[in-house]
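K.L.:
Sending over a structure as structure tokens; questions will come in a sec.
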Amino acid sequence: MTTKPAAAAAHATVYGYPRQGPNRELKKAIEGYWKGRVGAPELRRTAAELRAATWRQLAEAGVHEVPTGDFSYYDHVLDTSVMVDAVPDRHREAVAADAMDGYFAMARGSQDVAPLEMTKWFDTN
């Protein structure tokens, strides 16, 4: 029987790695989208490039299990609501017309509809 030291069995991963980019690229792209200066394809491309760069950085740093599926344009709770189709009736038309615009309308509101209510948990946003 071969025995391995306990340290040999340990693997590294990281959860909650910052998603904004080293120079806040995601924040700038989202704000540009909101102002109409950045289109949805460019916003998606920026997000994809940031995710890929993060995965490479973590892999090169020796992280054994690089997490995926933890990205959000705005909020993880909002993402889950959309994923399970828990979209309030007042937002359904906007989401059906344009998924990205509807997503941000739920978060921030629009001229036509109020945003979703923000709930604080454990004294946080």
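Just so we're on the same page: first chain in the structure tokens is A, next is B, and so on; residues restart at 1 for each chain, and ligands are numbered from 1 in the order they show up.
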Find the residues near Tyr15 (chain A): any atom within 12 Å, counting only C-alpha atoms, skip ones fewer than 6 places away on the same chain, and give them as a list in words.
P.N.:
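In the requested format, the answer is Thr54, Leu58, Val63, Glu65, Val66, Pro67, Thr68, Gly69, Asp70 and Phe71 of chain A.
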K.L.:
Select from region 8-72 of chain A everything DSSP, run on the backbone, classes as helix (DSSP H, G or I), then give the selection as a VMD selection string.
P.N.:
chain A and resid 8 to 9 25 to 35 40 to 60
K.L.:
Of the residues A:Glu93, A:Glu25, A:Asp112, A:Asp79, which is the one nearest to Arg44 (chain A), using only C-alpha atoms?
P.N.:
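Looking at the shortest contact to Arg44 (chain A), the residue is A:Glu25.
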K.L.:
So the first atom is CA of Arg92 (chain A) and the second is CA of Leu78 (chain A); what is the distance between them in Å, to one decimal place?
P.N.:
13.9 Å
K.L.:
Provide the CA of Val82 (chain A) to CA of Ala97 (chain A) distance in Å, to one decimal place.
P.N.:
14.3 Å
K.L.:
Hey, what's within 12 Å of Gly62 (chain A) if we count only C-alpha atoms and toss same-chain stuff fewer than 6 positions away? As a ChimeraX atom specification, please?
P.N.:
/A:11-14,55-56
K.L.:
Any idea what's packed within 12 Å of Tyr103 (chain A), counting only C-alpha atoms, ignoring anything in its chain fewer than 3 positions away? Could you give it as a PyMOL selection string?
P.N.:
chain A and resi 34+40+72-83+85-88+91-100+106-110+115-116
